[in-house]
Amino acid sequence: MEEQTVQELLSLQEMDVTMQQLRSERRSLEAELEEFEQRRAAWSAGESEQLGRIDETALEVRKAERKVQAGRATVRRLQERAKSLQRTRDIQAAKKELETALGNLDEAETALLEGMQSHDRARIRQEEIEGQHAEAREEVEVRSAEIQARLDEIDAELDRLKGRRGATADRIDDDVRSEYDRVRGGRTAQALAPVVDGVCGHCFTAIPLQRQAEIRAGRKLVVCEGCGVILHAGQ
């Protein structure tokens with residue numbers, strides 16, 4: 001190959017490698033953004049779950065309050081009724097009934113206290129969760145903004161390189177460019193390698209003297225029999 005073609009191919013390869021790196025970085029950054037979305041969803045789910053727990057405990061408190069109110073009304077009613085009783089048997093029966101009502105009231109008041117404590121704990125936990133998530137969300141938003149800015153830079157750089165690559169590719173012979181694309185699309189990302197001390201600069205396979213002469217003459221495209229890259233004379 002002529003020296004000018006070699007230089008154009010090397011320039012093409014440099015741009016292709018850079019674009020490949022940029023696309024790889026872009027995929028990595030997009031994966032990070034996706035992870036952030038998953039974390040946001042998990043935070044929202046956790047907060048919703050805790051809010052549900054607050055609602056549950058609030059409902060338990062209201063039920064317990066109604067039981068306490070009903071229990072107190074029952075105790076007052078039994079106490080008032082006991083005042084009008086005169087016969088010993090009736091008084092003893094009323095006393096027993098009142099003791100049962102007082103026991104039920106005590107259980108209801110204990111349940112109410114426990115429910116109120118559970119509700120308070122749920123609200124405190126919600127505040128803790130929201131505080132933790134607020135700090136984490138701030139960090140995520142800052143990083144997301146940084147990522148988006150970098151993605152914009154990558155897109156702009158890729159657009160610029162695509163334009164340059166197209167102009168460079170147009171200056172290369174179609175057959176040579178097709179061979180270059182074939183090599184890069186194979187098992188190696190490196191499409192060109194120099195001949196160094198009689199061996200391929202990519203896989204170190206020895207190059208026969210006749211083929212070395214063909215490479216130096218630059219009249220035809222020569223590929224390495226070992227790794228398939230396009231060989232050039234180097235500097």
# chains A, B, ... in the order shown; residues from 1 in each chain; ligands from 1
$ residues_around --residues "segment 90-105 of chain A" --least-positions-apart "2" --cutoff "10 Å" --atoms "only C-alpha atoms" --output "PyMOL selection string"
chain A and resi 67-79+81-88+107-111
$ closest_atom_pairs --of "segment 8-32 of chain A" --to "segment 185-202 of chain A" --cutoff "9 Å" --atoms "only C-alpha atoms" --output "Markdown table"
| residue | atom | partner | partner_atom | distance |
| --- | --- | --- | --- | --- |
| A:Leu9 | CA | A:Leu192 | CA | 7.8 |
| A:Leu10 | CA | A:Leu192 | CA | 7.1 |
| A:Gln13 | CA | A:Ala191 | CA | 7.0 |
| A:Asp16 | CA | A:Ala189 | CA | 9.0 |
| A:Val17 | CA | A:Ala189 | CA | 7.7 |
$ write_last_selection --atoms "C-alpha atoms" --output "PDB file, in the first residue's frame"
ATOM      1  CA  LEU A   9      -6.012   3.663   7.423  1.00  0.00           C
ATOM      2  CA  LEU A  10      -4.110   4.357  10.632  1.00  0.00           C
ATOM      3  CA  GLN A  13      -8.264   2.915  12.958  1.00  0.00           C
ATOM      4  CA  ASP A  16     -12.629   3.650  15.225  1.00  0.00           C
ATOM      5  CA  VAL A  17     -10.836   2.712  18.444  1.00  0.00           C
TER       6      VAL A  17
END
$ closest_residue --among "A:Val61, A:Ala41, A:Leu209, A:Val223" --to "Arg137 of chain A" --atoms "only C-alpha atoms"
A:Ala41
$ atom_distance --atom1 "atom CA of Arg123 of chain A" --atom2 "atom CA of Arg66 of chain A"
21.8 Å
$ residues_around --residues "segment 50-54 of chain A" --least-positions-apart "4" --cutoff "9 Å" --atoms "only C-alpha atoms" --output "PyMOL selection string"
chain A and resi 45-46+58-59+118-123+125-126+129
$ atom_distance --atom1 "atom CA of Ser144 of chain A" --atom2 "atom CA of Gln132 of chain A"
18.2 Å
$ closest_residue --among "A:Ala213, A:Cys203, A:Ala64, A:Val222" --to "Met116 of chain A" --atoms "only C-alpha atoms"
A:Ala64
$ select_by_dssp --residues "segment 37-205 of chain A" --states "strand (DSSP E or B)" --output "compact mmCIF listing (two decimals) with C-alpha atoms, in the first residue's frame"
# COMPACT_ATOMS: atom_id res chain seq x y z
CA LEU A 192 -3.21 -2.70 10.92
CA ALA A 193 0.19 -3.61 12.29
CA PRO A 194 3.74 -2.69 11.19
CA VAL A 195 6.38 -5.20 10.25
CA VAL A 196 9.04 -5.01 12.98
CA VAL A 199 7.69 -10.17 12.18
CA CYS A 200 4.09 -9.01 12.49
$ closest_residue --among "A:Glu49, A:Leu158, A:Glu56, A:Glu37" --to "Gln20 of chain A" --atoms "only C-alpha atoms"
A:Leu158
$ select_by_dssp --residues "segment 111-208 of chain A" --states "helix (DSSP H, G or I)" --output "PyMOL selection string"
chain A and resi 111-170+174-184
$ residues_around --residues "Arg177 of chain A" --least-positions-apart "4" --cutoff "12 Å" --atoms "only C-alpha atoms" --output "PyMOL selection string"
chain A and resi 1+5-6+8-10+12-13+165-166+168-173+181-184+191-192+221+230
$ write_last_selection --atoms "C-alpha atoms" --output "PDB file, in the first residue's frame"
ATOM      1  CA  MET A   1       0.000   0.000   0.000  1.00  0.00           C
ATOM      2  CA  THR A   5      -3.174   4.980   2.178  1.00  0.00           C
ATOM      3  CA  VAL A   6      -1.419   3.558   5.235  1.00  0.00           C
ATOM      4  CA  GLU A   8      -5.365   7.181   6.093  1.00  0.00           C
ATOM      5  CA  LEU A   9      -6.012   3.663   7.423  1.00  0.00           C
ATOM      6  CA  LEU A  10      -4.110   4.357  10.632  1.00  0.00           C
ATOM      7  CA  LEU A  12      -9.320   5.531  10.426  1.00  0.00           C
ATOM      8  CA  GLN A  13      -8.264   2.915  12.958  1.00  0.00           C
ATOM      9  CA  ARG A 165     -14.326   9.112   9.628  1.00  0.00           C
ATOM     10  CA  GLY A 166     -16.659   9.411   6.667  1.00  0.00           C
ATOM     11  CA  THR A 168     -11.318   9.816   5.652  1.00  0.00           C
ATOM     12  CA  ALA A 169     -12.999   6.614   4.449  1.00  0.00           C
ATOM     13  CA  ASP A 170     -14.035   8.327   1.202  1.00  0.00           C
ATOM     14  CA  ARG A 171     -10.368   8.951   0.394  1.00  0.00           C
ATOM     15  CA  ILE A 172      -9.473   5.245   0.652  1.00  0.00           C
ATOM     16  CA  ASP A 173      -9.820   2.764  -2.193  1.00  0.00           C
ATOM     17  CA  ASP A 181     -13.682  -3.291   7.677  1.00  0.00           C
ATOM     18  CA  ARG A 182     -13.506  -7.084   7.331  1.00  0.00           C
ATOM     19  CA  VAL A 183     -10.434  -7.316   9.590  1.00  0.00           C
ATOM     20  CA  ARG A 184     -11.911  -5.018  12.241  1.00  0.00           C
ATOM     21  CA  ALA A 191      -6.773  -3.815  11.689  1.00  0.00           C
ATOM     22  CA  LEU A 192      -3.215  -2.702  10.921  1.00  0.00           C
ATOM     23  CA  LEU A 221      -2.326  -5.004   0.276  1.00  0.00           C
ATOM     24  CA  ILE A 230      -3.158  -5.601   7.344  1.00  0.00           C
TER      25      ILE A 230
END
$ residues_around --residues "Glu32 of chain A" --least-positions-apart "2" --cutoff "12 Å" --atoms "only C-alpha atoms" --output "list in words"
Glu25, Arg26, Arg27, Ser28, Leu29, Glu30, Glu34, Glu35, Phe36, Glu37, Gln38, Arg39, Val140, Arg143, Ser144, Ala145, Glu146, Ile147, Gln148 and Leu151 of chain A
$ write_last_selection --atoms "N, CA and C atoms" --output "PDB file, in the first residue's frame"
ATOM      1  N   GLU A  25     -17.991   3.469  26.997  1.00  0.00           N
ATOM      2  CA  GLU A  25     -18.207   4.361  28.147  1.00  0.00           C
ATOM      3  C   GLU A  25     -19.678   4.763  28.230  1.00  0.00           C
ATOM      4  N   ARG A  26     -20.282   4.995  27.070  1.00  0.00           N
ATOM      5  CA  ARG A  26     -21.685   5.388  27.050  1.00  0.00           C
ATOM      6  C   ARG A  26     -22.573   4.273  27.620  1.00  0.00           C
ATOM      7  N   ARG A  27     -22.300   3.039  27.224  1.00  0.00           N
ATOM      8  CA  ARG A  27     -23.079   1.910  27.750  1.00  0.00           C
ATOM      9  C   ARG A  27     -22.931   1.804  29.253  1.00  0.00           C
ATOM     10  N   SER A  28     -21.703   2.033  29.722  1.00  0.00           N
ATOM     11  CA  SER A  28     -21.448   1.973  31.176  1.00  0.00           C
ATOM     12  C   SER A  28     -22.219   3.044  31.922  1.00  0.00           C
ATOM     13  N   LEU A  29     -22.221   4.254  31.378  1.00  0.00           N
ATOM     14  CA  LEU A  29     -22.922   5.366  32.016  1.00  0.00           C
ATOM     15  C   LEU A  29     -24.432   5.149  31.969  1.00  0.00           C
ATOM     16  N   GLU A  30     -24.939   4.633  30.859  1.00  0.00           N
ATOM     17  CA  GLU A  30     -26.371   4.351  30.766  1.00  0.00           C
ATOM     18  C   GLU A  30     -26.780   3.269  31.763  1.00  0.00           C
ATOM     19  N   GLU A  34     -29.506   3.539  34.740  1.00  0.00           N
ATOM     20  CA  GLU A  34     -30.552   2.539  34.938  1.00  0.00           C
ATOM     21  C   GLU A  34     -30.555   2.036  36.383  1.00  0.00           C
ATOM     22  N   GLU A  35     -29.362   1.862  36.924  1.00  0.00           N
ATOM     23  CA  GLU A  35     -29.258   1.439  38.329  1.00  0.00           C
ATOM     24  C   GLU A  35     -29.866   2.495  39.245  1.00  0.00           C
ATOM     25  N   PHE A  36     -29.639   3.774  38.922  1.00  0.00           N
ATOM     26  CA  PHE A  36     -30.218   4.855  39.721  1.00  0.00           C
ATOM     27  C   PHE A  36     -31.740   4.801  39.667  1.00  0.00           C
ATOM     28  N   GLU A  37     -32.298   4.506  38.490  1.00  0.00           N
ATOM     29  CA  GLU A  37     -33.747   4.410  38.363  1.00  0.00           C
ATOM     30  C   GLU A  37     -34.284   3.277  39.240  1.00  0.00           C
ATOM     31  N   GLN A  38     -33.567   2.174  39.266  1.00  0.00           N
ATOM     32  CA  GLN A  38     -33.982   1.049  40.104  1.00  0.00           C
ATOM     33  C   GLN A  38     -33.915   1.416  41.578  1.00  0.00           C
ATOM     34  N   ARG A  39     -32.872   2.163  41.944  1.00  0.00           N
ATOM     35  CA  ARG A  39     -32.758   2.583  43.349  1.00  0.00           C
ATOM     36  C   ARG A  39     -33.883   3.544  43.714  1.00  0.00           C
ATOM     37  N   VAL A 140     -27.520  10.963  44.172  1.00  0.00           N
ATOM     38  CA  VAL A 140     -27.868  10.366  42.880  1.00  0.00           C
ATOM     39  C   VAL A 140     -28.166  11.448  41.845  1.00  0.00           C
ATOM     40  N   ARG A 143     -24.910  13.002  40.676  1.00  0.00           N
ATOM     41  CA  ARG A 143     -24.195  12.079  39.785  1.00  0.00           C
ATOM     42  C   ARG A 143     -24.933  11.920  38.457  1.00  0.00           C
ATOM     43  N   SER A 144     -26.257  11.889  38.487  1.00  0.00           N
ATOM     44  CA  SER A 144     -27.038  11.768  37.259  1.00  0.00           C
ATOM     45  C   SER A 144     -26.802  12.957  36.344  1.00  0.00           C
ATOM     46  N   ALA A 145     -26.724  14.140  36.946  1.00  0.00           N
ATOM     47  CA  ALA A 145     -26.450  15.347  36.149  1.00  0.00           C
ATOM     48  C   ALA A 145     -25.061  15.270  35.517  1.00  0.00           C
ATOM     49  N   GLU A 146     -24.095  14.768  36.292  1.00  0.00           N
ATOM     50  CA  GLU A 146     -22.738  14.609  35.764  1.00  0.00           C
ATOM     51  C   GLU A 146     -22.725  13.610  34.605  1.00  0.00           C
ATOM     52  N   ILE A 147     -23.440  12.512  34.784  1.00  0.00           N
ATOM     53  CA  ILE A 147     -23.496  11.486  33.737  1.00  0.00           C
ATOM     54  C   ILE A 147     -24.137  12.043  32.477  1.00  0.00           C
ATOM     55  N   GLN A 148     -25.257  12.766  32.645  1.00  0.00           N
ATOM     56  CA  GLN A 148     -25.943  13.305  31.476  1.00  0.00           C
ATOM     57  C   GLN A 148     -25.058  14.287  30.726  1.00  0.00           C
ATOM     58  N   LEU A 151     -22.626  12.224  28.828  1.00  0.00           N
ATOM     59  CA  LEU A 151     -23.286  11.598  27.681  1.00  0.00           C
ATOM     60  C   LEU A 151     -23.441  12.585  26.534  1.00  0.00           C
TER      61      LEU A 151
END
$ residues_around --residues "Glu2 of chain A" --least-positions-apart "4" --cutoff "9 Å" --atoms "only C-alpha atoms" --output "ChimeraX atom specification"
/A:6-7,217-220
$ write_last_selection --atoms "N, CA and C atoms" --output "PDB file, in the first residue's frame"
ATOM      1  N   VAL A   6      -1.725   4.066   3.901  1.00  0.00           N
ATOM      2  CA  VAL A   6      -1.419   3.558   5.235  1.00  0.00           C
ATOM      3  C   VAL A   6      -1.782   4.593   6.290  1.00  0.00           C
ATOM      4  N   GLN A   7      -1.404   5.833   6.040  1.00  0.00           N
ATOM      5  CA  GLN A   7      -1.688   6.892   7.006  1.00  0.00           C
ATOM      6  C   GLN A   7      -3.198   7.108   7.159  1.00  0.00           C
ATOM      7  N   ALA A 217       7.298  -2.226  -0.934  1.00  0.00           N
ATOM      8  CA  ALA A 217       7.022  -1.648  -2.248  1.00  0.00           C
ATOM      9  C   ALA A 217       5.699  -0.908  -2.249  1.00  0.00           C
ATOM     10  N   GLY A 218       4.770  -1.344  -1.432  1.00  0.00           N
ATOM     11  CA  GLY A 218       3.497  -0.646  -1.290  1.00  0.00           C
ATOM     12  C   GLY A 218       2.579  -0.745  -2.481  1.00  0.00           C
ATOM     13  N   ARG A 219       2.776  -1.748  -3.328  1.00  0.00           N
ATOM     14  CA  ARG A 219       1.948  -1.864  -4.527  1.00  0.00           C
ATOM     15  C   ARG A 219       0.707  -2.709  -4.311  1.00  0.00           C
ATOM     16  N   LYS A 220       0.650  -3.466  -3.214  1.00  0.00           N
ATOM     17  CA  LYS A 220      -0.509  -4.312  -2.955  1.00  0.00           C
ATOM     18  C   LYS A 220      -0.751  -4.428  -1.453  1.00  0.00           C
TER      19      LYS A 220
END
$ closest_residue --among "A:Phe204, A:Glu47, A:Ile215, A:Glu153" --to "Glu128 of chain A" --atoms "only C-alpha atoms"
A:Glu47
$ decode --residues "segment 101-159 of chain A" --atoms "C-alpha atoms" --output "JSON list (two decimals), in the first residue's frame"
[["chain", "number", "residue", "atom", "x", "y", "z"],
["A", 101, "ALA", "CA", -65.93, -5.23, 82.48],
["A", 102, "LEU", "CA", -63.01, -3.58, 84.30],
["A", 103, "GLY", "CA", -60.72, -6.40, 83.16],
["A", 104, "ASN", "CA", -61.87, -5.96, 79.59],
["A", 105, "LEU", "CA", -61.34, -2.20, 79.88],
["A", 106, "ASP", "CA", -57.82, -2.72, 81.22],
["A", 107, "GLU", "CA", -57.00, -4.98, 78.26],
["A", 108, "ALA", "CA", -58.46, -2.44, 75.82],
["A", 109, "GLU", "CA", -56.44, 0.41, 77.37],
["A", 110, "THR", "CA", -53.27, -1.70, 77.21],
["A", 111, "ALA", "CA", -53.97, -2.48, 73.55],
["A", 112, "LEU", "CA", -54.56, 1.22, 72.89],
["A", 113, "LEU", "CA", -51.24, 2.16, 74.51],
["A", 114, "GLU", "CA", -49.39, -0.47, 72.52],
["A", 115, "GLY", "CA", -51.11, 0.65, 69.33],
["A", 116, "MET", "CA", -50.16, 4.29, 69.96],
["A", 117, "GLN", "CA", -46.56, 3.26, 70.60],
["A", 118, "SER", "CA", -46.51, 1.21, 67.37],
["A", 119, "HIS", "CA", -47.93, 4.18, 65.48],
["A", 120, "ASP", "CA", -45.29, 6.50, 66.94],
["A", 121, "ARG", "CA", -42.53, 4.05, 66.03],
["A", 122, "ALA", "CA", -43.88, 3.78, 62.49],
["A", 123, "ARG", "CA", -43.91, 7.58, 62.08],
["A", 124, "ILE", "CA", -40.38, 7.89, 63.49],
["A", 125, "ARG", "CA", -39.19, 5.14, 61.14],
["A", 126, "GLN", "CA", -40.80, 6.95, 58.20],
["A", 127, "GLU", "CA", -38.93, 10.13, 59.10],
["A", 128, "GLU", "CA", -35.68, 8.17, 59.31],
["A", 129, "ILE", "CA", -36.29, 6.52, 55.94],
["A", 130, "GLU", "CA", -37.17, 9.82, 54.27],
["A", 131, "GLY", "CA", -34.05, 11.43, 55.75],
["A", 132, "GLN", "CA", -31.80, 8.63, 54.52],
["A", 133, "HIS", "CA", -33.39, 8.64, 51.09],
["A", 134, "ALA", "CA", -33.24, 12.42, 50.81],
["A", 135, "GLU", "CA", -29.46, 12.33, 51.28],
["A", 136, "ALA", "CA", -29.06, 9.42, 48.87],
["A", 137, "ARG", "CA", -31.38, 11.07, 46.32],
["A", 138, "GLU", "CA", -29.30, 14.23, 46.41],
["A", 139, "GLU", "CA", -26.13, 12.25, 45.68],
["A", 140, "VAL", "CA", -27.87, 10.37, 42.88],
["A", 141, "GLU", "CA", -29.22, 13.55, 41.31],
["A", 142, "VAL", "CA", -25.77, 15.16, 41.35],
["A", 143, "ARG", "CA", -24.20, 12.08, 39.79],
["A", 144, "SER", "CA", -27.04, 11.77, 37.26],
["A", 145, "ALA", "CA", -26.45, 15.35, 36.15],
["A", 146, "GLU", "CA", -22.74, 14.61, 35.76],
["A", 147, "ILE", "CA", -23.50, 11.49, 33.74],
["A", 148, "GLN", "CA", -25.94, 13.31, 31.48],
["A", 149, "ALA", "CA", -23.40, 16.04, 30.84],
["A", 150, "ARG", "CA", -20.80, 13.41, 29.94],
["A", 151, "LEU", "CA", -23.29, 11.60, 27.68],
["A", 152, "ASP", "CA", -23.89, 14.85, 25.83],
["A", 153, "GLU", "CA", -20.13, 15.27, 25.42],
["A", 154, "ILE", "CA", -19.79, 11.71, 24.14],
["A", 155, "ASP", "CA", -22.61, 12.18, 21.64],
["A", 156, "ALA", "CA", -21.06, 15.38, 20.36],
["A", 157, "GLU", "CA", -17.65, 13.72, 20.07],
["A", 158, "LEU", "CA", -19.13, 10.69, 18.30],
["A", 159, "ASP", "CA", -20.90, 12.95, 15.80]]
